[in-house]
Structures are given as structure tokens and as C-alpha cells.
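As provided, start_6.txt (compact mmCIF, C-alpha atoms) reads as follows.
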```txt
# COMPACT_ATOMS: atom_id res chain seq x y z
CA MET G 1 18.06 -1.02 34.20
CA VAL G 2 17.09 2.27 35.74
CA TYR G 3 13.55 3.65 35.70
CA ILE G 4 13.61 7.43 35.58
CA ALA G 5 10.65 9.08 37.31
CA SER G 6 10.80 12.51 35.63
CA TRP G 7 9.86 12.81 31.94
CA GLN G 8 12.21 15.74 31.35
CA GLU G 9 15.17 13.79 32.73
CA TYR G 10 14.26 10.74 30.65
CA GLN G 11 13.94 12.76 27.44
CA GLU G 12 17.30 14.48 27.94
CA ALA G 13 19.01 11.20 28.91
CA ALA G 14 17.50 9.34 25.93
CA GLU G 15 18.57 12.00 23.42
CA ASN G 16 22.05 12.21 24.95
CA LEU G 17 22.42 8.42 24.87
CA TYR G 18 21.44 8.32 21.21
CA THR G 19 23.74 11.18 20.20
CA LYS G 20 26.61 9.56 22.10
CA SER G 21 26.40 6.27 20.19
CA PRO G 22 23.89 6.35 17.31
CA ASN G 23 25.13 3.10 15.74
CA LYS G 24 24.65 1.02 18.89
CA ALA G 25 21.56 2.64 20.43
CA ARG G 26 18.23 0.79 20.37
CA TYR G 27 14.85 2.26 21.26
CA CYS G 28 11.95 0.09 22.38
CA VAL G 29 8.32 1.00 23.08
CA LYS G 30 5.95 -1.33 24.92
CA TRP G 31 2.24 -0.65 25.35
CA ARG G 32 -0.03 -2.91 27.39
CA SER G 33 -3.61 -1.89 26.74
CA SER G 34 -5.00 -4.25 29.37
CA GLU G 35 -3.02 -2.43 32.06
CA GLY G 36 -2.84 0.96 30.33
CA LYS G 37 0.92 0.94 30.80
CA LEU G 38 3.51 2.54 28.55
CA VAL G 39 7.17 1.55 28.93
CA LEU G 40 9.94 3.26 26.96
CA LYS G 41 13.46 1.85 26.88
CA ILE G 42 16.64 3.03 25.20
CA THR G 43 19.95 1.21 25.47
CA ASP G 44 23.41 1.09 23.94
CA ASP G 45 24.44 -2.24 25.54
CA THR G 46 26.27 -0.47 28.38
CA THR G 47 23.58 1.92 29.61
CA CYS G 48 19.87 1.13 29.81
CA ILE G 49 17.33 3.84 30.60
CA LYS G 50 13.62 3.13 31.10
CA PHE G 51 10.50 5.19 31.72
CA LYS G 52 7.15 3.75 32.83
CA THR G 53 3.79 5.50 33.10
CA TYR G 54 0.12 4.71 33.45
CA SER G 55 -0.99 8.26 32.58
CA SER G 56 -2.31 9.27 29.17
CA ILE G 57 -0.93 12.79 29.70
CA PHE G 58 2.49 11.62 28.52
CA LEU G 59 1.25 10.59 25.06
CA ASN G 60 1.90 14.04 23.50
CA ARG G 61 5.34 14.15 25.10
CA PHE G 62 6.01 10.60 23.90
CA GLU G 63 5.05 11.63 20.35
CA ALA G 64 7.43 14.62 20.50
CA LEU G 65 10.27 12.37 21.72
CA ASN G 66 9.58 9.87 18.93
CA LEU G 67 9.65 12.64 16.34
CA SER G 68 12.93 13.98 17.72
CA LEU G 69 14.59 10.55 17.79
CA MET G 70 13.31 9.63 14.32
CA GLN G 71 14.74 12.85 12.88
CA LYS G 72 18.10 12.02 14.45
CA MET G 73 17.91 8.43 13.19
CA GLN G 74 17.18 9.63 9.66
CA ASN G 75 19.90 12.28 9.95
CA LYS G 76 17.39 15.06 9.24
CA ARG G 77 17.14 18.45 10.85
CA PRO G 78 13.81 20.22 11.34
CA THR G 79 13.07 22.58 8.47
CA PRO G 80 13.49 26.24 9.45
CA ILE G 81 10.53 28.56 9.12
CA VAL G 82 11.38 31.07 6.42
CA HIS G 83 8.44 33.43 6.99
CA ALA G 84 9.57 34.32 10.53
CA LEU G 85 12.88 35.63 9.19
CA GLY G 86 11.25 38.01 6.71
CA VAL G 87 12.70 36.23 3.67
CA PRO G 88 10.16 35.89 0.85
CA ASP G 89 8.90 32.42 0.12
CA THR G 90 10.26 31.13 -3.20
CA THR G 91 8.29 27.88 -3.28
CA LYS G 92 5.57 27.42 -5.86
CA ASP G 93 1.89 27.25 -5.06
CA ALA G 94 0.19 23.88 -5.30
CA ASP G 95 -1.66 24.93 -8.48
CA GLN G 96 1.55 26.01 -10.18
CA MET G 97 3.26 22.77 -9.22
CA ARG G 98 0.35 20.73 -10.61
CA SER G 99 0.33 22.67 -13.87
CA SER G 100 4.07 22.20 -14.34
CA SER G 101 3.88 18.49 -13.54
CA PRO G 102 4.81 16.19 -16.45
CA PHE G 103 2.01 13.79 -15.51
CA VAL G 104 -1.49 14.25 -16.88
CA VAL G 105 -4.26 13.87 -14.32
CA GLN G 106 -7.32 12.12 -15.71
CA PRO G 107 -10.76 12.51 -14.17
CA ALA G 108 -12.15 9.59 -12.21
CA GLY G 109 -15.14 7.67 -13.52
CA PRO G 110 -16.00 5.00 -16.09
CA ALA G 111 -14.05 6.77 -18.85
CA ALA G 112 -10.90 6.68 -16.74
CA GLY G 113 -10.96 2.91 -16.23
CA GLY G 114 -13.68 2.69 -13.61
CA VAL G 115 -16.06 -0.23 -13.17
CA LYS G 116 -18.75 -0.55 -15.83
CA LYS G 117 -22.24 -1.76 -15.13
CA LYS G 118 -22.80 -5.37 -16.18
CA LYS G 119 -25.42 -6.19 -18.78
CA PRO G 120 -28.25 -8.44 -17.60
CA LYS G 121 -28.49 -12.02 -18.91
CA LYS G 122 -30.75 -12.67 -21.89
CA LYS G 123 -33.92 -14.60 -21.21
CA LYS G 124 -34.57 -17.80 -23.21
```
Spell out the structure here as C-alpha cells.
Amino acid sequence: MVYIASWQEYQEAAENLYTKSPNKARYCVKWRSSEGKLVLKITDDTTCIKFKTYSSIFLNRFEALNLSLMQKMQNKRPTPIVHALGVPDTTKDADQMRSSSPFVVQPAGPAAGGVKKKKPKKKK
């Protein structure tokens, strides 16, 4: 097990390890709040790479790495931004999508199945 000191090296090594063998790779995250320690580990049974930090600065980087690995694990690519290319957006607005929805939205409240006020008990 090798601890890598640089975040950039760890991120590149982790993504390369996963792309090399996606069926065998395992990714583990350990957080110890009492110590404030974050340990990341990725392995494919032959290579094990670890990163350890006590700094909260790495949390945004950690979130970006998680997002990248999860997209690879789900076999999804990030969606391209259409507006930057100058191509008109062909998606519908939210109002148009709601109006074309086959489901009827009912207002909330007692008429829509809400809780009714109980009647008081009769006095004898």
C-alpha cells in the first residue's frame, strides 16, 4: 500500500487504475471525525493506492473525484453544454413539460386527501 502525498498524482493514478480494470477496481472512503482524517483507497487486487489528509481543503477535490469515478462506474459521460456551441436549445421549458404531462396535479389540502380536523366528543 502506497500513500501518495500529492492530490493531483493520486487523482490521475486513481482514474487510470479504474480505467485499466473497471471490473476489478474497488474504491473505499474512510472518514474519522474524531481525528478529522480522510483516507481514500482504490485497489484492483494487484495495485493499491491510498491518500490521507487532515485538511478540509481537499473536500471539494474529493467531491470532484467522486463525481468523476461515479460517472465512469455508471458508464455515463458528462453532458455537453449546447449553448456554448451556438446551437439552439430544443428542450422544452418546465411549464410546457408540465402541461404536456399525462398526470394531473391536484392541489394540496383537505380536498386532496389531507388530514381533516377531528370532531370533539359529545358531552353526556
_Given only C-alpha atoms as the counted atoms, nearest of G:Ala5, G:Asn75, G:Leu67, G:Ser33 to Ile49 in chain G_ =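 Of G:Ala5, G:Asn75, G:Leu67, G:Ser33, the one nearest Ile49 in chain G is G:Ala5, counting only C-alpha atoms.
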_Atom-to-atom span, CA of Met1 in chain G and CA of Lys50 in chain G, Å_ =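 Interatomic distance here is 6.8 Å.
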*asked:* Would you compute the distance between CA of Pro22 in chain G and CA of Leu59 in chain G? Give it in Å to one decimal.
replied: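 Rounded to one decimal, the two atoms are 24.3 Å apart.
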_Would you compute the distance between CA of Tyr18 in chain G and CA of Trp31 in chain G? Give it in Å to one decimal._
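Taking CA of Tyr18 in chain G and CA of Trp31 in chain G, their separation equals 21.6 Å.
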_Within 10 Å of Ser6 in chain G using all atoms listed in the file, minus same-chain residues under 3 positions, as a list of chain:residue names_ =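 In the requested form, the answer reads G:Tyr3, G:Glu9, G:Tyr10, G:Gln11, G:Phe51, G:Lys52.
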Save the residues we just selected, C-alpha atoms, as an mmCIF file, in the coordinates of the input?
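To be explicit, this is the file written out as selection20.cif:
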```cif
data_model
loop_
_atom_site.group_PDB
_atom_site.id
_atom_site.type_symbol
_atom_site.label_atom_id
_atom_site.label_comp_id
_atom_site.auth_asym_id
_atom_site.auth_seq_id
_atom_site.Cartn_x
_atom_site.Cartn_y
_atom_site.Cartn_z
ATOM 1 C CA TYR G 3 13.550 3.650 35.700
ATOM 2 C CA GLU G 9 15.170 13.790 32.730
ATOM 3 C CA TYR G 10 14.260 10.740 30.650
ATOM 4 C CA GLN G 11 13.940 12.760 27.440
ATOM 5 C CA PHE G 51 10.500 5.190 31.720
ATOM 6 C CA LYS G 52 7.150 3.750 32.830
#
```
_Residues within 10 Å of Cys48 in chain G, only C-alpha atoms, excluding chain neighbours under 4 positions, as a list in words_ = Met1, Val2, Tyr3, Ala14, Leu17, Ala25, Arg26, Tyr27, Lys41, Ile42, Thr43 and Asp44 of chain G
Go ahead and save the residues from that selection, with C-alpha atoms, as a PDB file, in the frame of the given file.
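The file below, out_3.pdb, is the result:
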```pdb
ATOM      1  CA  MET G   1      18.060  -1.020  34.200  1.00  0.00           C
ATOM      2  CA  VAL G   2      17.090   2.270  35.740  1.00  0.00           C
ATOM      3  CA  TYR G   3      13.550   3.650  35.700  1.00  0.00           C
ATOM      4  CA  ALA G  14      17.500   9.340  25.930  1.00  0.00           C
ATOM      5  CA  LEU G  17      22.420   8.420  24.870  1.00  0.00           C
ATOM      6  CA  ALA G  25      21.560   2.640  20.430  1.00  0.00           C
ATOM      7  CA  ARG G  26      18.230   0.790  20.370  1.00  0.00           C
ATOM      8  CA  TYR G  27      14.850   2.260  21.260  1.00  0.00           C
ATOM      9  CA  LYS G  41      13.460   1.850  26.880  1.00  0.00           C
ATOM     10  CA  ILE G  42      16.640   3.030  25.200  1.00  0.00           C
ATOM     11  CA  THR G  43      19.950   1.210  25.470  1.00  0.00           C
ATOM     12  CA  ASP G  44      23.410   1.090  23.940  1.00  0.00           C
TER      13      ASP G  44
END
```
_So, with only C-alpha atoms as the atoms that count, which of G:Thr53, G:Gln74, G:Asn60, G:Thr47 lies closest to Lys30 in chain G?_
G:Thr53
